[in-house]
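The next block is run.cif, given as mmCIF, C-alpha atoms.
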```cif
data_input
loop_
_atom_site.label_atom_id
_atom_site.label_comp_id
_atom_site.auth_asym_id
_atom_site.auth_seq_id
_atom_site.Cartn_x
_atom_site.Cartn_y
_atom_site.Cartn_z
CA MET A 1 68.08 -41.48 39.99
CA ARG A 2 71.15 -40.16 38.20
CA LYS A 3 69.11 -39.85 35.02
CA LEU A 4 66.74 -37.51 36.79
CA ILE A 5 69.58 -35.16 37.48
CA PHE A 6 70.00 -34.72 33.74
CA ILE A 7 66.34 -34.66 32.80
CA LEU A 8 64.87 -32.40 35.48
CA PRO A 9 66.67 -29.14 34.58
CA ILE A 10 65.72 -29.53 30.92
CA VAL A 11 62.08 -30.27 31.73
CA THR A 12 61.94 -27.33 34.14
CA VAL A 13 63.37 -24.87 31.63
CA LEU A 14 61.04 -26.10 28.88
CA LEU A 15 57.94 -25.94 31.06
CA TYR A 16 58.83 -22.43 32.22
CA ALA A 17 59.45 -21.18 28.67
CA CYS A 18 56.21 -22.73 27.48
CA SER A 19 54.10 -21.36 30.32
CA ASN A 20 55.64 -17.89 30.08
CA LYS A 21 54.93 -17.66 26.35
CA GLN A 22 51.35 -18.83 26.84
CA THR A 23 50.70 -16.29 29.60
CA LYS A 24 51.77 -13.47 27.33
CA GLN A 25 49.61 -14.76 24.48
CA GLN A 26 46.63 -15.34 26.78
CA ALA A 27 46.72 -11.68 27.74
CA SER A 28 46.03 -10.66 24.16
CA VAL A 29 43.53 -13.46 23.58
CA ASN A 30 41.56 -11.97 26.45
CA GLY A 31 41.86 -8.55 24.87
CA HIS A 32 43.78 -7.09 27.80
CA PHE A 33 43.63 -3.56 26.59
CA ASN A 34 46.79 -2.14 28.06
CA GLU A 35 49.03 -4.99 26.91
CA GLN A 36 47.86 -5.25 23.32
CA ARG A 37 45.15 -3.36 21.51
CA ASN A 38 43.75 -5.70 18.89
CA LEU A 39 41.33 -3.15 17.53
CA VAL A 40 39.18 -2.95 14.44
CA PHE A 41 39.92 0.63 13.37
CA PRO A 42 43.08 2.78 13.45
CA GLN A 43 43.75 5.06 16.41
CA GLY A 44 44.34 8.08 14.18
CA ASN A 45 45.95 11.32 15.27
CA LYS A 46 46.15 13.04 18.61
CA ILE A 47 43.41 15.61 19.10
CA THR A 48 44.99 19.00 19.58
CA ASN A 49 41.96 21.26 19.97
CA ALA A 50 40.93 22.77 23.32
CA HIS A 51 37.76 20.71 23.72
CA PHE A 52 39.45 17.73 25.36
CA ILE A 53 41.36 17.10 28.58
CA GLY A 54 44.16 14.53 28.44
CA ALA A 55 45.40 12.50 25.48
CA ALA A 56 42.70 11.57 22.98
CA TYR A 57 42.99 10.38 19.38
CA LEU A 58 40.65 10.61 16.42
CA GLN A 59 40.44 8.59 13.23
CA MET A 60 37.60 9.75 11.00
CA LEU A 61 36.04 6.67 9.37
CA ILE A 62 33.22 8.33 7.44
CA ASN A 63 32.93 12.00 6.52
CA ALA A 64 29.59 13.64 5.87
CA ASP A 65 28.93 14.79 2.33
CA SER A 66 26.11 16.37 0.35
CA LEU A 67 24.38 12.97 -0.14
CA ASN A 68 24.70 11.60 3.40
CA ASP A 69 25.15 13.81 6.45
CA ILE A 70 26.23 11.02 8.83
CA SER A 71 29.83 11.14 10.04
CA ILE A 72 31.64 8.45 12.06
CA GLY A 73 34.81 8.86 14.07
CA ASN A 74 36.86 6.34 16.01
CA VAL A 75 37.90 8.03 19.26
CA THR A 76 40.52 6.68 21.66
CA PHE A 77 40.89 8.20 25.14
CA GLU A 78 43.91 7.45 27.30
CA PRO A 79 43.09 6.87 31.00
CA GLY A 80 41.52 10.00 32.50
CA ALA A 81 41.11 11.76 29.14
CA ARG A 82 37.67 13.14 28.27
CA THR A 83 35.74 15.60 26.17
CA ASN A 84 34.54 18.91 27.51
CA TRP A 85 30.82 19.18 28.10
CA HIS A 86 29.17 19.61 24.70
CA ILE A 87 25.95 19.47 22.71
CA HIS A 88 25.13 17.81 19.41
CA PRO A 89 22.21 19.62 17.75
CA ALA A 90 21.12 16.37 16.01
CA GLY A 91 22.12 14.01 18.85
CA GLN A 92 24.96 11.51 18.99
CA ILE A 93 25.39 7.75 19.14
CA ILE A 94 28.29 6.19 21.02
CA LEU A 95 29.32 2.56 20.49
CA ALA A 96 31.89 1.39 23.05
CA THR A 97 34.39 -0.98 21.45
CA GLU A 98 37.23 -1.41 24.00
CA GLY A 99 38.34 -0.44 27.49
CA VAL A 100 36.29 1.26 30.19
CA GLY A 101 34.70 4.65 29.64
CA TYR A 102 32.32 7.15 31.20
CA TYR A 103 29.30 8.95 29.78
CA GLN A 104 27.26 11.58 31.57
CA GLU A 105 24.36 13.84 30.67
CA ARG A 106 23.97 17.09 32.62
CA GLY A 107 22.13 16.44 35.88
CA GLN A 108 22.19 12.65 35.46
CA PRO A 109 24.37 9.98 37.10
CA LYS A 110 27.55 9.06 35.27
CA LYS A 111 27.35 5.79 33.34
CA VAL A 112 30.25 3.35 33.06
CA LEU A 113 30.71 1.98 29.54
CA HIS A 114 32.27 -1.33 28.53
CA LYS A 115 32.95 -2.96 25.17
CA GLY A 116 29.63 -3.53 23.41
CA ASP A 117 27.66 -0.81 25.25
CA ARG A 118 25.61 1.68 23.25
CA ILE A 119 24.54 5.22 24.12
CA LYS A 120 22.04 7.41 22.34
CA CYS A 121 22.50 10.99 23.44
CA PRO A 122 19.45 13.11 22.56
CA PRO A 123 19.79 16.34 20.56
CA ASN A 124 20.75 19.45 22.55
CA VAL A 125 21.51 17.61 25.81
CA PRO A 126 24.82 18.74 27.37
CA HIS A 127 26.99 15.68 28.00
CA TRP A 128 30.57 14.44 28.11
CA HIS A 129 32.34 11.14 27.52
CA GLY A 130 35.82 9.76 27.94
CA ALA A 131 38.01 7.13 29.55
CA SER A 132 37.77 5.98 33.13
CA LYS A 133 40.59 6.92 35.49
CA ASP A 134 42.50 3.66 35.14
CA SER A 135 41.66 2.31 31.70
CA ALA A 136 41.76 3.69 28.19
CA PHE A 137 38.52 3.70 26.22
CA VAL A 138 37.76 3.32 22.52
CA GLN A 139 34.43 4.26 20.99
CA LEU A 140 32.74 5.02 17.71
CA ALA A 141 30.99 8.40 17.60
CA ILE A 142 28.16 8.60 15.07
CA SER A 143 26.27 11.79 14.39
CA SER A 144 24.40 13.72 11.77
CA GLY A 145 25.61 17.16 10.80
CA ALA A 146 22.16 18.10 9.49
CA LYS A 147 21.53 20.56 12.32
CA GLY A 148 25.03 21.97 12.57
CA PRO A 149 28.28 21.10 14.33
CA ALA A 150 28.82 20.28 18.02
CA ILE A 151 28.60 23.17 20.47
CA TRP A 152 31.42 23.03 22.99
CA LEU A 153 30.97 24.02 26.64
CA GLU A 154 33.15 24.07 29.77
CA PRO A 155 35.74 21.41 30.72
CA VAL A 156 34.83 18.41 32.87
CA THR A 157 36.47 18.86 36.27
CA ASP A 158 38.40 16.07 37.98
CA GLN A 159 35.62 15.98 40.59
CA GLN A 160 32.99 15.47 37.89
CA HIS A 161 35.15 12.89 36.13
CA GLU A 162 35.59 10.85 39.29
CA GLY A 163 32.05 11.29 40.58
CA THR A 164 30.18 8.04 40.91
CA LEU A 165 26.66 9.39 41.21
CA LEU A 166 25.07 12.73 40.46
CA ASN A 167 28.04 15.02 40.17
CA GLU A 168 26.62 18.32 39.12
CA MET B 1 74.62 -41.32 24.49
CA ARG B 2 72.46 -43.57 26.66
CA LYS B 3 71.20 -40.53 28.54
CA LEU B 4 69.92 -39.05 25.27
CA ILE B 5 67.68 -42.07 24.82
CA PHE B 6 65.88 -41.08 28.01
CA ILE B 7 65.87 -37.35 27.50
CA LEU B 8 64.91 -37.07 23.83
CA PRO B 9 61.39 -38.54 24.00
CA ILE B 10 60.49 -36.30 26.95
CA VAL B 11 61.85 -33.18 25.25
CA THR B 12 60.04 -34.07 22.02
CA VAL B 13 56.68 -34.57 23.75
CA LEU B 14 57.05 -31.34 25.73
CA LEU B 15 58.04 -29.30 22.69
CA TYR B 16 55.12 -30.70 20.68
CA ALA B 17 52.60 -30.00 23.46
CA CYS B 18 53.93 -26.49 23.91
CA SER B 19 53.95 -25.66 20.20
CA ASN B 20 50.50 -27.17 19.64
CA LYS B 21 48.93 -25.12 22.44
CA GLN B 22 50.59 -21.94 21.19
CA THR B 23 49.38 -22.48 17.63
CA LYS B 24 45.79 -22.76 18.84
CA GLN B 25 46.13 -19.63 20.94
CA GLN B 26 47.83 -17.72 18.13
CA ALA B 27 44.84 -18.44 15.91
CA SER B 28 42.57 -16.49 18.21
CA VAL B 29 45.15 -13.77 18.85
CA ASN B 30 45.11 -13.25 15.09
CA GLY B 31 41.33 -13.16 15.15
CA HIS B 32 40.93 -16.34 13.11
CA PHE B 33 37.24 -15.96 12.65
CA ASN B 34 36.12 -19.53 12.31
CA GLU B 35 38.00 -20.80 15.38
CA GLN B 36 36.97 -18.10 17.82
CA ARG B 37 34.79 -15.05 17.37
CA ASN B 38 35.93 -12.46 19.86
CA LEU B 39 33.45 -9.85 18.76
CA VAL B 40 32.32 -6.53 20.16
CA PHE B 41 28.57 -6.84 19.64
CA PRO B 42 26.14 -9.76 19.96
CA GLN B 43 25.26 -11.82 16.89
CA GLY B 44 21.52 -11.45 17.48
CA ASN B 45 18.81 -13.51 15.82
CA LYS B 46 18.70 -15.33 12.52
CA ILE B 47 17.15 -13.24 9.77
CA THR B 48 14.05 -15.03 8.51
CA ASN B 49 12.78 -12.63 5.85
CA ALA B 50 13.05 -13.33 2.12
CA HIS B 51 15.64 -10.63 1.39
CA PHE B 52 18.67 -12.75 2.23
CA ILE B 53 20.28 -15.92 0.85
CA GLY B 54 21.99 -18.22 3.37
CA ALA B 55 22.28 -17.84 7.13
CA ALA B 56 22.51 -14.24 8.33
CA TYR B 57 21.96 -12.77 11.79
CA LEU B 58 20.92 -9.31 12.97
CA GLN B 59 21.38 -7.56 16.30
CA MET B 60 19.90 -4.08 16.26
CA LEU B 61 22.21 -1.79 18.28
CA ILE B 62 20.42 1.52 17.79
CA ASN B 63 16.84 2.03 16.66
CA ALA B 64 15.72 5.23 14.96
CA ASP B 65 13.28 7.40 16.91
CA SER B 66 11.55 10.74 16.49
CA LEU B 67 14.65 12.64 17.70
CA ASN B 68 17.34 10.76 15.73
CA ASP B 69 16.59 8.86 12.53
CA ILE B 70 19.91 6.92 12.44
CA SER B 71 19.68 3.17 13.00
CA ILE B 72 22.59 0.77 13.47
CA GLY B 73 22.50 -3.00 13.09
CA ASN B 74 25.21 -5.60 13.63
CA VAL B 75 24.92 -8.11 10.78
CA THR B 76 26.67 -11.48 10.68
CA PHE B 77 26.76 -13.48 7.45
CA GLU B 78 27.79 -17.12 7.43
CA PRO B 79 30.05 -18.09 4.47
CA GLY B 80 28.19 -17.56 1.18
CA ALA B 81 25.28 -15.69 2.80
CA ARG B 82 24.31 -12.30 1.35
CA THR B 83 21.57 -9.76 0.99
CA ASN B 84 19.43 -9.46 -2.12
CA TRP B 85 20.13 -6.46 -4.28
CA HIS B 86 18.58 -3.45 -2.56
CA ILE B 87 18.43 0.34 -2.35
CA HIS B 88 18.65 2.68 0.64
CA PRO B 89 16.86 5.95 -0.18
CA ALA B 90 19.17 7.85 2.21
CA GLY B 91 22.30 5.76 1.53
CA GLN B 92 24.06 3.30 3.81
CA ILE B 93 27.38 3.04 5.63
CA ILE B 94 29.05 -0.35 6.14
CA LEU B 95 31.84 -0.84 8.68
CA ALA B 96 33.51 -4.26 8.34
CA THR B 97 34.47 -5.62 11.76
CA GLU B 98 35.43 -9.28 11.20
CA GLY B 99 35.87 -11.94 8.52
CA VAL B 100 35.89 -11.47 4.76
CA GLY B 101 32.95 -9.96 2.92
CA TYR B 102 31.85 -8.69 -0.46
CA TYR B 103 30.19 -5.45 -1.50
CA GLN B 104 28.98 -4.59 -4.97
CA GLU B 105 27.13 -1.72 -6.58
CA ARG B 106 25.15 -2.42 -9.76
CA GLY B 107 27.45 -2.25 -12.78
CA GLN B 108 30.62 -1.97 -10.68
CA PRO B 109 33.29 -4.54 -9.77
CA LYS B 110 32.74 -6.47 -6.56
CA LYS B 111 34.85 -5.25 -3.64
CA VAL B 112 36.37 -7.56 -1.04
CA LEU B 113 35.99 -6.26 2.52
CA HIS B 114 38.20 -7.02 5.52
CA LYS B 115 38.09 -5.98 9.17
CA GLY B 116 38.41 -2.20 9.37
CA ASP B 117 37.17 -1.44 5.84
CA ARG B 118 34.47 1.19 5.35
CA ILE B 119 31.91 1.58 2.58
CA LYS B 120 29.67 4.53 1.88
CA CYS B 121 26.90 3.45 -0.45
CA PRO B 122 25.18 6.45 -2.06
CA PRO B 123 21.40 6.92 -1.87
CA ASN B 124 19.33 5.00 -4.44
CA VAL B 125 22.22 2.91 -5.79
CA PRO B 126 21.30 -0.80 -6.10
CA HIS B 127 23.87 -2.90 -4.25
CA TRP B 128 24.37 -6.05 -2.21
CA HIS B 129 26.72 -7.18 0.55
CA GLY B 130 27.49 -10.37 2.36
CA ALA B 131 30.11 -12.95 3.28
CA SER B 132 32.70 -14.36 0.92
CA LYS B 133 32.37 -18.00 -0.11
CA ASP B 134 34.76 -19.39 2.49
CA SER B 135 34.63 -16.96 5.42
CA ALA B 136 31.88 -15.48 7.54
CA PHE B 137 31.63 -11.69 7.68
CA VAL B 138 30.51 -9.27 10.39
CA GLN B 139 29.63 -5.65 9.70
CA LEU B 140 27.86 -2.68 11.16
CA ALA B 141 25.12 -1.24 8.91
CA ILE B 142 24.38 2.43 9.58
CA SER B 143 21.61 4.27 7.81
CA SER B 144 19.11 7.06 8.13
CA GLY B 145 15.43 6.28 7.79
CA ALA B 146 14.67 9.89 6.89
CA LYS B 147 13.81 9.04 3.29
CA GLY B 148 12.04 5.76 3.93
CA PRO B 149 12.97 2.09 4.37
CA ALA B 150 15.19 -0.07 2.14
CA ILE B 151 13.73 -1.14 -1.21
CA TRP B 152 14.41 -4.81 -1.86
CA LEU B 153 15.19 -6.12 -5.34
CA GLU B 154 16.10 -9.53 -6.85
CA PRO B 155 18.39 -12.13 -5.24
CA VAL B 156 22.15 -12.18 -5.91
CA THR B 157 22.88 -15.24 -8.03
CA ASP B 158 25.75 -17.62 -7.24
CA GLN B 159 27.44 -16.38 -10.41
CA GLN B 160 27.20 -12.77 -9.21
CA HIS B 161 28.37 -13.75 -5.73
CA GLU B 162 31.44 -15.52 -7.03
CA GLY B 163 32.22 -13.03 -9.79
CA THR B 164 35.58 -11.35 -9.33
CA LEU B 165 35.16 -8.40 -11.66
CA LEU B 166 32.18 -6.81 -13.34
CA ASN B 167 29.50 -9.43 -12.90
CA GLU B 168 26.39 -7.82 -14.22
#
```
Written as structure tokens, that's how I'd like the structure from this file.
Amino acid sequence: MRKLIFILPIVTVLLYACSNKQTKQQASVNGHFNEQRNLVFPQGNKITNAHFIGAAYLQMLINADSLNDISIGNVTFEPGARTNWHIHPAGQIILATEGVGYYQERGQPKKVLHKGDRIKCPPNVPHWHGASKDSAFVQLAISSGAKGPAIWLEPVTDQQHEGTLLNE
Amino acid sequence: MRKLIFILPIVTVLLYACSNKQTKQQASVNGHFNEQRNLVFPQGNKITNAHFIGAAYLQMLINADSLNDISIGNVTFEPGARTNWHIHPAGQIILATEGVGYYQERGQPKKVLHKGDRIKCPPNVPHWHGASKDSAFVQLAISSGAKGPAIWLEPVTDQQHEGTLLNE
């Protein structure tokens, strides 16, 4: 019995240290976005133009050139951040890679996007995309510049951002 | 001293168990590809056409249509697997998302690709891509079908695959 008095505190401390370390590591194994972002592409720089609400970041991965007009950007939205409504004359493809995001076309219900989801936004359809209220969102944006740059429209209101169904 | 005889084996076993579990978890935190593939997109189906050597898998993410001619596929190459030499009439973009891969244009040194690397292959340039010898490789392949489908050429020999510099 006296031996237990010596052994138990040591065992307890060791088990606690072990379990605590594993819990922290498990969080990143599971890709818990807010604790550790183990992402494929860099976050890039904060977007400072007037076409976004909230904190969003852009890392261009591929720039269009005279031989290939496809450009690809890695966009990171902090919780609540989003684009204004806008149009891509040649359409846009969105690949969701982390977090929880929203996508909405004018007059349609808002869609919730998770890692692995894909969106094909048709040419000339007003739409917006961004993070959900409580989670950041990372996505690849792929578009062709063949028909000209994006046309930016009005901001997405908080009511639109938080709408769960048709919110026009 | 006698107490140590009781305590030491317990401490040793606990420390070993703790460290062993953490090492395994760390491997997946670090994205060790062969132990755990925590990937964004599905692997898809095994490619059965004659334009590949070794085991490769394709999950189409975006199909071209009449409004947008960009297509995106998620391609997974097992170690040593690769495409034949081929040409994309409108060029191709490769985004490396996991593992270690190779990319080579005809007459140029082979490039080693890691997670996060990007390649822009110009139109009509013969090239191949695939996994390295010892690691699988996952990539997104993005191309426009506007100028027609890929043109497939001869297989990549083992000597070409393992070449470290110019290997034509």
Query - Pick from B:Ala90, B:Val112, B:Leu140, B:Ala131 nearest to A:Asp65, counting all atoms listed in the file - result: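 Closest to A:Asp65 of all the choices is B:Ala90.
With all atoms listed in the file as the atoms that count, the residue of A:Ser71, A:Gln139, A:Asn49, A:Asn124 with the shortest distance to B:Gln92 is A:Ser71.
Pairwise distance (atom CA of B:Glu105, atom CA of B:Asp158) equals 16.0 Å.
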Requested in this report: Kindly resolve the PyMOL selection byres ((chain B and resi 68) around 12) on the present coordinates and return the residues as an MDAnalysis selection string.
Outcome: (chainID A and resid 70 88:93 120:124 142:147) or (chainID B and resid 62:67 69:72 143:146)
Report task. Skip A:Asn84 itself and residues of its chain fewer than 2 positions away, then list as a PyMOL selection string all residues within 8 Å of it, counting all atoms listed in the file. Result -> chain A and resi 51-53+82+86+128+152-156
**Report entry** Given the PyMOL selection byres ((chain B and resi 129) around 7), the residues it picks as a ChimeraX atom specification
**Finding:** /B:82-83,102-104,128,130
Requested in this report: Please determine the residues with any atom at most 12 Å from (31.8, 5.3, 29.6) (coordinates as given in the file, with only C-alpha atoms counting) and report them as a ChimeraX atom specification.
Outcome: /A:76-77,79-83,94-105,109-119,127-133,135-140,161-162,164
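Atom pair atom CA of B:Gly73 / atom CA of A:Leu39 has a distance of 19.3 Å (rounded to one decimal).
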Query raised in the report: Using the chain letters and numbers from the file, which residues does the PyMOL selection byres ((chain A and resi 41) around 8) grab, as a ChimeraX atom specification?
Result: /A:39-40,42-43,59,74 /B:116
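A straight line drawn from atom CA of B:Ala56 to atom CA of B:Val75 is 7.0 Å long.
With distances restricted to only C-alpha atoms, A:Leu61 is the closest residue to chain B from A:Gln159, A:Gln108, A:Pro149, A:Leu61.
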Requested in this report: Tell me which of B:Trp85, B:Met60, B:Ala150, B:Gly54 sits closest to chain A, counting only C-alpha atoms.
Outcome: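 With only C-alpha atoms as the atom set, the closest residue is B:Met60.
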Report task. Rank nothing, just name the residue among A:Ile47, A:Leu58, A:Ile151, A:Val125 nearest to chain B, using all atoms listed in the file. Result ->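 Comparing A:Ile47, A:Leu58, A:Ile151, A:Val125 against chain B, the winner is A:Val125.
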Please give the centre and size of the box around stretch 152-158 of chain A (axis-aligned, containing every atom listed in the file, 5 Å added per side), with values in Å to one decimal and written as JSON.
```
{"center_x": 34.7, "center_y": 20.1, "center_z": 30.5, "size_x": 17.4, "size_y": 18.0, "size_z": 25.0}
```
